[in-house]
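Beneath this line is the structure, given in structure tokens, with notes to follow.
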Amino acid sequence: MGDFNNFGSDAFDLNGSVEIVEETQFVTAPVGEYEYRLGEVNIGKYNPPVESGKTGCFTLKIKLSVQTPQGPASFTDTIFLRESTAWLLSAFLRSCGAVTPQDKNFSLTNAQHLAGMTGTAKVGIRTYMKDGEEKTTNEVKKWLPKGTKPQGMPVADQSSLAGMAQSFAPPVAPPQAPQAPQNMPW
């Protein structure tokens with residue numbers, strides 16, 4: 001048997017009953033610039049099929065939420081951790097304020113501490129197929145520098161950004177003070 005003591009606080013108790021809830025409507029944000037709030041930020045792995053000819057790598061899975069006129073839109077963005085995409089990781093870290101333009105290193109072991117941070121990004125829409133049906137989701141087109149105000153979109157006030165944090169489970173701990181820079185793992 002596995003160790004089930006590490007399940008999050010939102011995991012179902014298999015010995016208890018499950019509350020039946022209404023299906024939530026998925027909101028796709030219109031294309032534009034938005035202030036975002038980070039939810040879970042985790043290190044993962046990309047293992048492509050052998051026949052693809054691609055090599056695997058670590059990934060940074062970023063759950064974020066933006067406020068739209070239809071309500072909060074939450075989606076996940078992935079950064080592949082390769083030398084060729086170090087610029088993208090750097091743009092993300094600067095956008096959420098984890099590093100400044102003067103910083104030269106960041107330890108990815110601190111990635112989970114990014115949850116709750118805010119920034120601004122250009123958000124796009126991508127389509128994909130699932131079970132033979134075309135679906136849409138948001139994706140980050142560009143991480144904008146910390147302090148950038150969205151162009152052409154209403155700026156979310158801090159109370160609406162705080163409300164977006166409610167869509168993430170479990171609650172996130174506040175970011176810890178930055179640690180001394182360390183070498184990037186790649």
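Each chain in the structure tokens gets a letter, A, B and so on, in the order shown; residues start at 1 in every chain, and ligands are counted from 1 in the order they appear.
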
Open item on the list: So that I can see what lies close to Val41 in chain A, please list as a list in words the residues with an atom at most 8 Å from it, counting only C-alpha atoms and leaving out residues fewer than 3 positions away in the same chain.
Closed with: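 Final neighbour list, sorted by chain and number: Leu38, Leu60, Lys61, Ile62, Lys63, Ala111, Gln112, His113, Leu114 and Ala115 of chain A.
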
TODO: Mind checking which residues fall within 7 Å of Pro72 in chain A, counting only C-alpha atoms, ignoring those fewer than 5 positions away in the same chain, and posting them as a VMD selection string?
DONE: chain A and resid 27 65 to 67 164

Task: Residue nearest Phe26 in chain A - candidates A:Glu83, A:Asn138, A:Ile43, A:Asp103, atoms counted: only C-alpha atoms - done: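 Under the stated criterion, the closest residue is A:Asn138.
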
Task: Closest of A:Glu139, A:Lys149, A:Leu88, A:Cys57 to Pro30 in chain A - atom-to-atom distances counting only C-alpha atoms - done: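 Comparing A:Glu139, A:Lys149, A:Leu88, A:Cys57 against Pro30 in chain A, the winner is A:Glu139.
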
Open item on the list: Please determine, counting only C-alpha atoms, which residue among A:Leu81, A:Ala121, A:Cys96, A:Leu89 has the shortest atom-to-atom distance to Phe58 in chain A.
Closed with: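 With only C-alpha atoms as the atom set, the closest residue is A:Leu81.
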